[in-house]
$ cat structure_3.tsv   # TSV, C-alpha atoms
chain	number	residue	atom	x	y	z
A	1	MET	CA	8.53	-22.67	-29.64
A	2	ILE	CA	5.81	-25.20	-28.87
A	3	ASN	CA	7.08	-28.78	-28.72
A	4	LEU	CA	5.79	-32.15	-27.54
A	5	GLN	CA	7.31	-31.68	-24.08
A	6	GLU	CA	5.39	-28.43	-23.59
A	7	ILE	CA	2.12	-30.08	-24.66
A	8	LYS	CA	2.70	-32.95	-22.19
A	9	LYS	CA	3.30	-30.51	-19.33
A	10	SER	CA	0.15	-28.56	-20.18
A	11	LEU	CA	-1.93	-31.74	-20.42
A	12	LEU	CA	-0.60	-32.88	-17.02
A	13	ALA	CA	-1.48	-29.50	-15.48
A	14	ALA	CA	-4.97	-29.60	-16.99
A	15	ALA	CA	-5.56	-33.17	-15.71
A	16	TRP	CA	-4.40	-32.16	-12.23
A	17	PHE	CA	-6.70	-29.14	-12.10
A	18	MET	CA	-9.64	-31.22	-13.34
A	19	PHE	CA	-8.99	-33.79	-10.62
A	20	LEU	CA	-8.74	-31.15	-7.88
A	21	THR	CA	-11.88	-29.25	-8.92
A	22	PHE	CA	-14.01	-32.28	-9.82
A	23	PRO	CA	-16.01	-32.44	-6.52
A	24	ILE	CA	-16.74	-28.70	-6.59
A	25	MET	CA	-17.26	-27.93	-10.26
A	26	VAL	CA	-18.96	-31.13	-11.44
A	27	ILE	CA	-21.02	-32.61	-8.62
A	28	ARG	CA	-24.01	-30.67	-7.28
A	29	VAL	CA	-26.61	-32.16	-4.95
A	30	ASN	CA	-30.17	-30.96	-5.54
A	31	THR	CA	-31.69	-31.26	-2.08
A	32	VAL	CA	-35.17	-30.33	-3.33
A	33	GLN	CA	-35.52	-33.21	-5.79
A	34	ASP	CA	-32.98	-35.39	-3.95
A	35	VAL	CA	-30.86	-36.03	-7.05
A	36	ILE	CA	-27.24	-35.49	-8.05
A	37	GLU	CA	-26.57	-33.20	-11.01
A	38	TRP	CA	-23.45	-33.87	-13.09
A	39	ARG	CA	-22.09	-30.69	-14.67
A	40	TRP	CA	-19.56	-32.12	-17.12
A	41	HIS	CA	-19.36	-28.90	-19.12
A	42	ASN	CA	-17.70	-27.23	-16.10
A	43	LEU	CA	-15.01	-29.92	-16.12
A	44	ALA	CA	-14.36	-29.25	-19.81
A	45	ILE	CA	-14.05	-25.51	-19.13
A	46	VAL	CA	-11.58	-26.12	-16.26
A	47	GLY	CA	-9.52	-28.49	-18.41
A	48	PHE	CA	-9.34	-26.14	-21.39
A	49	GLY	CA	-8.60	-23.13	-19.16
A	50	ALA	CA	-5.82	-24.92	-17.29
A	51	PHE	CA	-4.31	-26.20	-20.57
A	52	PHE	CA	-4.33	-22.74	-22.15
A	53	GLY	CA	-3.22	-21.03	-18.92
A	54	SER	CA	-0.28	-23.39	-18.59
A	55	PHE	CA	0.95	-22.38	-22.05
A	56	VAL	CA	0.58	-18.67	-21.25
A	57	TRP	CA	2.26	-19.04	-17.83
A	58	ARG	CA	5.32	-20.79	-19.26
A	59	PHE	CA	5.53	-18.24	-22.08
A	60	PHE	CA	5.75	-15.36	-19.60
A	61	ILE	CA	8.20	-17.29	-17.44
A	62	ARG	CA	10.49	-17.64	-20.47
A	63	ARG	CA	10.05	-13.93	-21.22
A	64	LYS	CA	11.01	-13.14	-17.63
A	65	GLU	CA	14.16	-15.27	-17.85
A	66	MET	CA	15.12	-13.62	-21.14
A	67	GLY	CA	14.51	-10.23	-19.54
A	68	LEU	CA	16.78	-11.10	-16.62
A	69	GLN	CA	19.53	-12.16	-18.99
A	70	ALA	CA	19.15	-8.94	-20.95
A	71	ALA	CA	19.23	-6.96	-17.70
A	72	VAL	CA	22.51	-8.59	-16.70
A	73	LYS	CA	23.95	-7.68	-20.09
A	74	VAL	CA	22.72	-4.08	-19.76
A	75	VAL	CA	24.25	-3.74	-16.29
A	76	LYS	CA	27.60	-4.81	-17.68
A	77	GLU	CA	27.39	-2.32	-20.54
A	78	GLY	CA	25.99	0.54	-18.46
A	79	ASP	CA	22.80	0.72	-16.38
A	80	PRO	CA	20.17	3.07	-17.90
A	81	LEU	CA	17.12	4.28	-16.06
A	82	PRO	CA	13.97	2.11	-16.20
A	83	LEU	CA	11.15	3.10	-18.53
A	84	VAL	CA	9.09	5.00	-15.93
A	85	GLN	CA	12.08	7.05	-14.76
A	86	ARG	CA	13.06	7.81	-18.36
A	87	LEU	CA	9.56	9.06	-19.11
A	88	LEU	CA	9.53	11.25	-16.00
A	89	ALA	CA	12.93	12.67	-16.91
A	90	ASN	CA	11.66	13.65	-20.39
A	91	PRO	CA	9.96	17.09	-20.24
A	92	ARG	CA	7.99	16.38	-23.43
A	93	VAL	CA	6.25	13.49	-21.68
A	94	PHE	CA	6.32	14.63	-18.04
A	95	ILE	CA	4.81	18.13	-18.43
A	96	PRO	CA	1.77	17.13	-20.59
A	97	GLY	CA	1.23	14.08	-18.37
A	98	LEU	CA	1.31	16.25	-15.24
A	99	VAL	CA	-1.17	18.71	-16.76
A	100	ALA	CA	-3.52	15.89	-17.76
A	101	VAL	CA	-3.38	14.24	-14.34
A	102	SER	CA	-3.92	17.59	-12.58
A	103	ALA	CA	-6.95	18.35	-14.76
A	104	LEU	CA	-8.40	14.89	-14.06
A	105	VAL	CA	-7.91	15.32	-10.30
A	106	VAL	CA	-9.65	18.71	-10.32
A	107	VAL	CA	-12.69	17.71	-12.40
A	108	PHE	CA	-13.06	14.18	-10.98
A	109	PRO	CA	-15.66	14.90	-8.23
A	110	PHE	CA	-17.73	17.06	-10.62
A	111	VAL	CA	-17.79	14.49	-13.43
A	112	PHE	CA	-18.19	11.25	-11.50
A	113	SER	CA	-20.73	10.24	-8.89
A	114	MET	CA	-20.44	10.65	-5.14
A	115	TYR	CA	-19.76	6.92	-4.82
A	116	GLN	CA	-16.78	7.19	-7.20
A	117	THR	CA	-15.52	10.23	-5.30
A	118	ASN	CA	-15.67	8.30	-2.02
A	119	ILE	CA	-13.69	5.44	-3.56
A	120	MET	CA	-11.02	7.84	-4.84
A	121	THR	CA	-10.85	9.49	-1.41
A	122	ASN	CA	-10.19	6.09	0.15
A	123	ALA	CA	-7.46	5.47	-2.44
A	124	LEU	CA	-5.81	8.80	-1.61
A	125	MET	CA	-5.99	7.91	2.08
A	126	PHE	CA	-4.10	4.70	1.38
A	127	VAL	CA	-1.59	6.66	-0.69
A	128	MET	CA	-0.90	8.67	2.44
A	129	LEU	CA	-0.70	5.54	4.62
A	130	GLY	CA	1.50	3.75	2.08
A	131	LEU	CA	3.95	6.64	1.87
A	132	GLY	CA	4.15	6.78	5.67
A	133	LEU	CA	4.85	3.05	5.89
A	134	ASN	CA	7.29	3.42	2.99
A	135	ILE	CA	9.50	5.49	5.29
A	136	VAL	CA	9.68	2.65	7.81
A	137	VAL	CA	9.74	-0.37	5.46
A	138	GLY	CA	10.95	0.96	2.11
A	139	LEU	CA	13.63	3.42	3.23
A	140	ALA	CA	14.70	2.28	6.71
A	141	GLY	CA	14.10	-1.44	6.08
A	142	LEU	CA	12.14	-1.99	9.32
A	143	LEU	CA	9.28	-4.47	8.83
A	144	ASP	CA	6.32	-2.98	10.71
A	145	LEU	CA	3.15	-5.12	10.87
A	146	GLY	CA	1.48	-2.95	13.51
A	147	TYR	CA	1.23	0.22	11.46
A	148	VAL	CA	-2.54	0.26	11.79
A	149	ALA	CA	-2.07	1.12	15.49
A	150	PHE	CA	-0.93	4.64	14.59
A	151	TYR	CA	-3.87	4.91	12.20
A	152	ALA	CA	-6.17	4.07	15.13
A	153	VAL	CA	-4.40	6.57	17.41
A	154	GLY	CA	-5.09	9.38	14.94
A	155	ALA	CA	-8.74	8.42	14.47
A	156	TYR	CA	-9.47	8.07	18.18
A	157	SER	CA	-7.56	11.27	18.96
A	158	TYR	CA	-10.00	13.30	16.89
A	159	ALA	CA	-13.07	11.38	18.05
A	160	LEU	CA	-12.27	11.57	21.78
A	161	LEU	CA	-11.06	15.17	21.68
A	162	ASN	CA	-14.29	16.14	19.94
A	163	VAL	CA	-16.51	14.18	22.34
A	164	HIS	CA	-14.89	15.44	25.55
A	165	TYR	CA	-13.58	18.89	24.60
A	166	GLY	CA	-15.42	19.86	21.39
A	167	ILE	CA	-12.19	20.22	19.42
A	168	GLY	CA	-12.73	20.57	15.68
A	169	PHE	CA	-11.09	18.83	12.75
A	170	TRP	CA	-8.40	21.38	11.88
A	171	ILE	CA	-7.10	21.55	15.44
A	172	ALA	CA	-7.28	17.76	15.88
A	173	LEU	CA	-5.32	17.09	12.66
A	174	PRO	CA	-1.89	18.20	13.99
A	175	ILE	CA	-2.71	16.82	17.45
A	176	GLY	CA	-3.49	13.39	15.99
A	177	ALA	CA	-0.26	13.47	13.99
A	178	GLY	CA	1.74	14.43	17.11
A	179	LEU	CA	0.18	11.72	19.28
A	180	ALA	CA	0.83	9.10	16.58
A	181	ALA	CA	4.46	10.24	16.38
A	182	LEU	CA	4.73	9.90	20.17
A	183	PHE	CA	3.38	6.34	19.97
A	184	GLY	CA	5.86	5.67	17.17
A	185	VAL	CA	8.72	6.63	19.48
A	186	LEU	CA	7.23	4.50	22.30
A	187	LEU	CA	7.15	1.54	19.90
A	188	GLY	CA	10.64	2.26	18.63
A	189	PHE	CA	12.41	2.09	22.00
A	190	PRO	CA	11.66	-1.60	22.80
A	191	VAL	CA	12.54	-2.80	19.28
A	192	LEU	CA	15.85	-1.01	18.76
A	193	ARG	CA	17.81	-4.26	19.00
A	194	LEU	CA	15.39	-6.33	16.88
A	195	ARG	CA	15.51	-7.04	13.16
A	196	GLY	CA	13.66	-9.12	10.59
A	197	ASP	CA	11.01	-11.55	11.78
A	198	TYR	CA	11.43	-10.62	15.45
A	199	LEU	CA	10.74	-6.96	14.69
A	200	ALA	CA	7.66	-7.94	12.66
A	201	ILE	CA	6.28	-10.07	15.51
A	202	VAL	CA	6.78	-7.32	18.12
A	203	THR	CA	5.15	-4.63	15.95
A	204	LEU	CA	2.28	-7.02	15.19
A	205	GLY	CA	1.77	-7.50	18.93
A	206	PHE	CA	1.84	-3.73	19.46
A	207	GLY	CA	-0.93	-3.24	16.90
A	208	GLU	CA	-3.08	-5.92	18.53
A	209	ILE	CA	-2.50	-4.42	22.00
A	210	ILE	CA	-3.79	-1.04	20.82
A	211	ARG	CA	-6.86	-2.63	19.22
A	212	LEU	CA	-7.68	-4.74	22.30
A	213	VAL	CA	-7.27	-1.74	24.61
A	214	LEU	CA	-9.68	0.26	22.48
A	215	GLU	CA	-12.12	-2.64	22.41
A	216	ASN	CA	-12.13	-3.41	26.13
A	217	TRP	CA	-11.56	-0.04	27.85
A	218	ASN	CA	-15.18	1.08	27.69
A	219	ASP	CA	-14.80	4.11	29.94
A	220	PHE	CA	-12.09	5.53	27.67
A	221	SER	CA	-12.90	4.47	24.10
A	222	PHE	CA	-16.60	3.46	24.39
A	223	GLY	CA	-15.61	-0.16	23.64
A	224	PRO	CA	-16.92	-2.16	20.67
A	225	SER	CA	-19.86	0.21	20.17
A	226	GLY	CA	-17.43	2.86	18.96
A	227	ILE	CA	-17.93	6.60	18.62
A	228	ALA	CA	-20.60	8.03	16.32
A	229	ASN	CA	-21.57	11.50	15.05
A	230	ILE	CA	-17.98	12.66	14.55
A	231	PRO	CA	-18.13	16.06	12.80
A	232	ARG	CA	-16.92	16.36	9.24
A	233	PRO	CA	-14.37	19.08	8.32
A	234	SER	CA	-15.82	22.57	8.25
A	235	PHE	CA	-15.05	25.46	5.93
A	236	PHE	CA	-15.23	28.71	7.94
A	237	GLY	CA	-18.43	27.50	9.60
A	238	MET	CA	-20.38	27.12	6.34
A	239	GLU	CA	-23.21	24.61	6.20
A	240	MET	CA	-22.64	22.00	3.48
A	241	SER	CA	-24.76	19.20	2.09
A	242	LEU	CA	-23.51	15.60	2.07
A	243	GLN	CA	-22.42	15.83	-1.55
A	244	GLN	CA	-20.63	19.14	-1.03
A	245	ASN	CA	-18.89	17.79	2.04
A	246	THR	CA	-17.80	14.68	0.10
A	247	VAL	CA	-16.20	16.89	-2.56
A	248	TYR	CA	-14.61	19.05	0.15
A	249	ILE	CA	-13.09	16.00	1.89
A	250	TYR	CA	-11.84	14.77	-1.49
A	251	PHE	CA	-9.91	17.99	-2.10
A	252	ILE	CA	-8.54	17.94	1.45
A	253	MET	CA	-7.23	14.43	0.79
A	254	VAL	CA	-5.70	15.57	-2.51
A	255	ALA	CA	-3.90	18.39	-0.68
A	256	LEU	CA	-2.70	16.07	2.11
A	257	ALA	CA	-1.52	13.45	-0.42
A	258	LEU	CA	0.46	16.08	-2.36
A	259	PHE	CA	1.91	17.42	0.89
A	260	THR	CA	2.91	13.87	1.88
A	261	ILE	CA	4.56	13.23	-1.50
A	262	PHE	CA	6.49	16.51	-1.24
A	263	VAL	CA	7.73	15.88	2.32
A	264	VAL	CA	8.63	12.21	1.74
A	265	ARG	CA	10.47	13.19	-1.45
A	266	ARG	CA	12.48	15.80	0.45
A	267	LEU	CA	13.19	13.36	3.27
A	268	GLU	CA	14.35	10.68	0.81
A	269	ASN	CA	16.95	13.04	-0.68
A	270	SER	CA	18.04	14.49	2.66
A	271	ARG	CA	20.87	13.46	4.95
A	272	LEU	CA	18.34	11.64	7.15
A	273	GLY	CA	16.95	9.77	4.13
A	274	ARG	CA	20.43	8.60	3.13
A	275	ALA	CA	20.96	7.42	6.71
A	276	TRP	CA	17.73	5.38	6.49
A	277	ILE	CA	18.87	3.78	3.23
A	278	ALA	CA	22.28	2.99	4.75
A	279	LEU	CA	20.52	1.42	7.75
A	280	ARG	CA	18.40	-0.70	5.40
A	281	GLU	CA	21.37	-1.92	3.37
A	282	ASP	CA	23.75	-2.81	6.23
A	283	GLU	CA	23.04	-1.89	9.83
A	284	ILE	CA	26.55	-2.74	11.09
A	285	ALA	CA	28.30	-0.77	8.34
A	286	CYS	CA	25.88	2.10	8.91
A	287	GLN	CA	26.80	2.27	12.60
A	288	ALA	CA	30.51	1.93	11.77
A	289	MET	CA	30.27	5.02	9.55
A	290	GLY	CA	29.20	7.08	12.56
A	291	ILE	CA	25.43	7.17	12.03
A	292	ASP	CA	23.44	7.11	15.26
A	293	LYS	CA	21.38	3.93	14.82
A	294	THR	CA	19.04	4.69	17.74
A	295	LYS	CA	18.18	8.19	16.53
A	296	THR	CA	17.75	7.03	12.93
A	297	LYS	CA	15.35	4.21	13.83
A	298	LEU	CA	13.29	6.32	16.21
A	299	THR	CA	13.01	9.09	13.62
A	300	ALA	CA	11.79	6.58	11.02
A	301	PHE	CA	9.13	5.20	13.38
A	302	ALA	CA	8.02	8.68	14.47
A	303	LEU	CA	7.80	10.21	10.99
A	304	GLY	CA	6.13	7.13	9.53
A	305	ALA	CA	3.55	7.16	12.33
A	306	THR	CA	2.88	10.89	11.81
A	307	TRP	CA	1.27	10.30	8.42
A	308	ALA	CA	-0.77	7.40	9.77
A	309	GLY	CA	-2.09	9.68	12.52
A	310	MET	CA	-3.14	12.33	10.00
A	311	ALA	CA	-4.81	9.68	7.84
A	312	GLY	CA	-6.62	8.38	10.93
A	313	VAL	CA	-8.04	11.84	11.65
A	314	MET	CA	-9.21	12.03	8.03
A	315	PHE	CA	-10.78	8.57	8.30
A	316	ALA	CA	-12.74	9.54	11.41
A	317	ALA	CA	-13.91	12.79	9.80
A	318	LYS	CA	-14.94	11.04	6.57
A	319	THR	CA	-16.87	8.11	8.06
A	320	THR	CA	-18.20	10.04	11.14
A	321	PHE	CA	-18.08	6.70	13.00
A	322	ILE	CA	-15.19	4.56	14.22
A	323	ASN	CA	-14.85	1.41	16.29
A	324	PRO	CA	-11.96	-1.01	16.95
A	325	SER	CA	-13.02	-3.38	14.16
A	326	SER	CA	-11.89	-0.76	11.64
A	327	PHE	CA	-8.26	-1.19	12.75
A	328	THR	CA	-7.51	-4.90	12.49
A	329	ILE	CA	-4.31	-6.54	11.32
A	330	TRP	CA	-5.76	-6.84	7.82
A	331	GLU	CA	-5.55	-3.08	7.43
A	332	SER	CA	-1.81	-3.31	8.18
A	333	VAL	CA	-1.50	-6.12	5.64
A	334	ILE	CA	-3.25	-4.07	2.94
A	335	ILE	CA	-1.03	-1.05	3.62
A	336	LEU	CA	2.06	-3.27	3.48
A	337	CYS	CA	0.79	-4.78	0.21
A	338	VAL	CA	0.46	-1.25	-1.19
A	339	VAL	CA	4.15	-0.64	-0.46
A	340	VAL	CA	5.41	-4.03	-1.68
A	341	LEU	CA	3.22	-4.15	-4.79
A	342	GLY	CA	3.99	-0.57	-5.76
A	343	GLY	CA	7.74	-0.89	-5.13
A	344	MET	CA	9.51	-0.45	-1.82
A	345	GLY	CA	11.24	2.91	-1.59
A	346	SER	CA	9.47	4.26	-4.70
A	347	ILE	CA	7.04	7.15	-4.21
A	348	ILE	CA	5.42	6.77	-7.64
A	349	GLY	CA	5.21	3.02	-7.08
A	350	VAL	CA	3.37	3.44	-3.76
A	351	VAL	CA	0.86	5.78	-5.42
A	352	CYS	CA	0.27	3.24	-8.21
A	353	GLY	CA	0.05	0.38	-5.69
A	354	ALA	CA	-2.59	2.20	-3.65
A	355	MET	CA	-4.66	2.92	-6.76
A	356	VAL	CA	-4.51	-0.73	-7.88
A	357	LEU	CA	-5.20	-2.34	-4.49
A	358	ILE	CA	-8.02	-0.02	-3.46
A	359	LEU	CA	-9.72	0.63	-6.80
A	360	LEU	CA	-9.44	-2.88	-8.28
A	361	PRO	CA	-11.68	-4.68	-5.71
A	362	GLU	CA	-14.28	-1.91	-5.98
A	363	TYR	CA	-14.46	-2.02	-9.78
A	364	LEU	CA	-14.60	-5.82	-9.72
A	365	ARG	CA	-17.89	-5.82	-7.82
A	366	ALA	CA	-19.61	-6.81	-11.07
A	367	PHE	CA	-17.80	-10.13	-10.65
A	368	SER	CA	-18.81	-10.44	-7.01
A	369	GLU	CA	-18.46	-14.22	-6.90
A	370	TYR	CA	-14.96	-14.21	-8.38
A	371	ARG	CA	-13.81	-10.77	-7.26
A	372	MET	CA	-11.34	-11.87	-4.56
A	373	LEU	CA	-10.13	-14.75	-6.75
A	374	ILE	CA	-9.21	-12.29	-9.51
A	375	PHE	CA	-7.70	-9.94	-6.94
A	376	GLY	CA	-5.52	-12.71	-5.48
A	377	ALA	CA	-4.48	-13.87	-8.96
A	378	VAL	CA	-3.34	-10.33	-9.84
A	379	LEU	CA	-1.21	-10.18	-6.68
A	380	VAL	CA	0.37	-13.59	-7.37
A	381	ILE	CA	1.13	-12.69	-10.99
A	382	MET	CA	2.70	-9.39	-9.91
A	383	MET	CA	4.91	-11.07	-7.31
A	384	VAL	CA	6.06	-13.72	-9.80
A	385	PHE	CA	6.74	-11.53	-12.83
A	386	ARG	CA	7.47	-8.20	-11.14
A	387	PRO	CA	8.86	-8.94	-7.65
A	388	GLY	CA	10.37	-5.48	-7.35
A	389	GLY	CA	6.95	-3.85	-7.63
A	390	ILE	CA	5.14	-1.83	-10.29
A	391	VAL	CA	7.79	0.91	-10.23
A	392	ILE	CA	11.19	-0.33	-9.07
A	393	ASN	CA	13.16	2.22	-7.09
A	394	VAL	CA	16.45	3.14	-8.72
A	395	ARG	CA	19.52	3.37	-6.54
A	396	ARG	CA	21.29	6.68	-7.01
A	397	ALA	CA	24.74	6.48	-8.59
A	398	TYR	CA	27.34	9.22	-8.20
A	399	GLN	CA	30.15	9.74	-10.70
A	400	PHE	CA	33.26	11.87	-10.29
A	401	GLU	CA	33.74	14.06	-13.36
A	402	GLY	CA	37.04	15.74	-12.43
A	403	THR	CA	40.03	15.60	-14.77
A	404	GLU	CA	43.03	13.39	-14.05
A	405	ASN	CA	45.44	16.29	-14.46
A	406	ASN	CA	43.51	18.57	-12.13
A	407	GLY	CA	46.28	18.67	-9.54
A	408	LYS	CA	49.16	19.21	-12.00
$ encode --input "structure_3.tsv" --output "structure tokens"
Amino acid sequence: MINLQEIKKSLLAAAWFMFLTFPIMVIRVNTVQDVIEWRWHNLAIVGFGAFFGSFVWRFFIRRKEMGLQAAVKVVKEGDPLPLVQRLLANPRVFIPGLVAVSALVVVFPFVFSMYQTNIMTNALMFVMLGLGLNIVVGLAGLLDLGYVAFYAVGAYSYALLNVHYGIGFWIALPIGAGLAALFGVLLGFPVLRLRGDYLAIVTLGFGEIIRLVLENWNDFSFGPSGIANIPRPSFFGMEMSLQQNTVYIYFIMVALALFTIFVVRRLENSRLGRAWIALREDEIACQAMGIDKTKTKLTAFALGATWAGMAGVMFAAKTTFINPSSFTIWESVIILCVVVLGGMGSIIGVVCGAMVLILLPEYLRAFSEYRMLIFGAVLVIMMVFRPGGIVINVRRAYQFEGTENNGK
């Protein structure tokens, strides 16, 4: 219901936005003719947009509050599965959807251009990275801001092993994963007693240490100049063109992403996965129930780092060139955004989050001037109206179905 109070609030918001943007949107100095141009039409557009946007924003805020009230009522009456989980549990929807998605994945590189295939390969790579970080952050509840360090370890493992020993991609893939897992354990030992912000700061420092070592140890990592001419994956020694190799790498990434989803799904439903969830919910209660906190944390760091190492090997093989600037803190932030935006602890959510965060900036290149503004607005809107992520993870509930007279 629109009333006078709502109109006053929207007018105030519009006036405030017009005041803030006046120097940028209205005044332009023409240095060639040495005159000032007054673009009043821009001010009118800002005012109308802010007025209309204020109405829309408050409408969705009211919808959110009504949704929360309805959710509380539903919880009291009996908590059903969310919409996505209900659709996945329905064979009439799940099986045709799975067939359609599988067909799209198979024909994608043959229908779309090589550029589109490269973008989708990057998205699948971030699916793999997001699922690996989801083990550490989403399941175990350990905030890791240095996850890109394990990504760098995998990439440099393949590059250096190939430069010095001529080791190929398929042999370097498990080696990179193993070395990343080893670094995950080395990171885990010093932070066993840390939680929350302190853990985040230490892992952030670890990621920066790895990057600075790679940048300054020229004799080992070739410094800022990086390593070039890294071989792409081979298929029984066959010679492939650039386009054929792009399609081949795409299908390798599809296979690795499916393998990651399968393993993470099995881990989530295993005894170890339940221990991670218990550690995330209450560390003291988890330890009191007899769960080895040290072993559980180290396993989370090691397994999470394993997938980052494999993704790093794939990154080096895909780009054929790596240097330390490819592994900055912003890569860790993007991977963490994939997990948070998709839904912490949710496998389907992480896949959706990776697709949105990686594909959206690429397909907004037509709006190059406003691309990052739109991207940031989407993130803010998601965090306000859907703080649990695109697909909220559902806590498993167990119900005893035995009869009361069972023992009589």
$ closest_residue --input "structure_3.tsv" --among "A:Val202, A:Met253, A:Leu145, A:Ile119" --to "Met310 (chain A)" --atoms "all atoms listed in the file"
A:Met253
$ closest_atom_pairs --input "structure_3.tsv" --of "region 138-166 of chain A" --to "region 215-222 of chain A" --cutoff "10 Å" --atoms "all atoms listed in the file" --output "CSV"
residue,atom,partner,partner_atom,distance
A:Tyr156,CA,A:Ser221,CA,7.7
A:Ala159,CA,A:Ser221,CA,9.2
A:Leu160,CA,A:Ser221,CA,7.5
$ closest_residue --input "structure_3.tsv" --among "A:Thr203, A:Leu124, A:Gly166, A:Glu283" --to "Ile261 (chain A)" --atoms "all atoms listed in the file"
A:Leu124
$ closest_residue --input "structure_3.tsv" --among "A:Ala288, A:Val264, A:Ile374, A:Ile171" --to "Val127 (chain A)" --atoms "all atoms listed in the file"
A:Val264
$ atom_distance --input "structure_3.tsv" --atom1 "CA of Leu142 (chain A)" --atom2 "CA of Arg271 (chain A)"
18.3 Å
$ closest_residue --input "structure_3.tsv" --among "A:Val148, A:Leu364, A:Val153, A:Ile61" --to "Gly205 (chain A)" --atoms "all atoms listed in the file"
A:Val148
$ axis_aligned_box --input "structure_3.tsv" --around "region 305-312 of chain A" --padding-each-side "8 Å" --output "AutoDock Vina command-line options"
--center_x -1.5 --center_y 9.7 --center_z 10.2 --size_x 26.2 --size_y 21.2 --size_z 20.7
$ residues_around --input "structure_3.tsv" --residues "region 327-343 of chain A" --least-positions-apart "2" --cutoff "9 Å" --atoms "all atoms listed in the file" --output "NGL selection string"
:A and (126-127 or 129-131 or 133-134 or 137-138 or 144-149 or 151-152 or 204 or 207-208 or 211 or 323-325 or 345-358 or 379 or 382-383 or 386-393)
$ residues_around --input "structure_3.tsv" --residues "Ile36 (chain A)" --least-positions-apart "4" --cutoff "10 Å" --atoms "only C-alpha atoms" --output "list in words"
Val26, Ile27, Arg28, Val29, Asn30 and Thr31 of chain A
$ closest_residue --input "structure_3.tsv" --among "A:Gly53, A:Gly312, A:Gly97, A:Gly141" --to "Thr296 (chain A)" --atoms "only C-alpha atoms"
A:Gly141
$ closest_residue --input "structure_3.tsv" --among "A:Ser241, A:Val313, A:Trp170, A:Ile135" --to "Ala275 (chain A)" --atoms "all atoms listed in the file"
A:Ile135
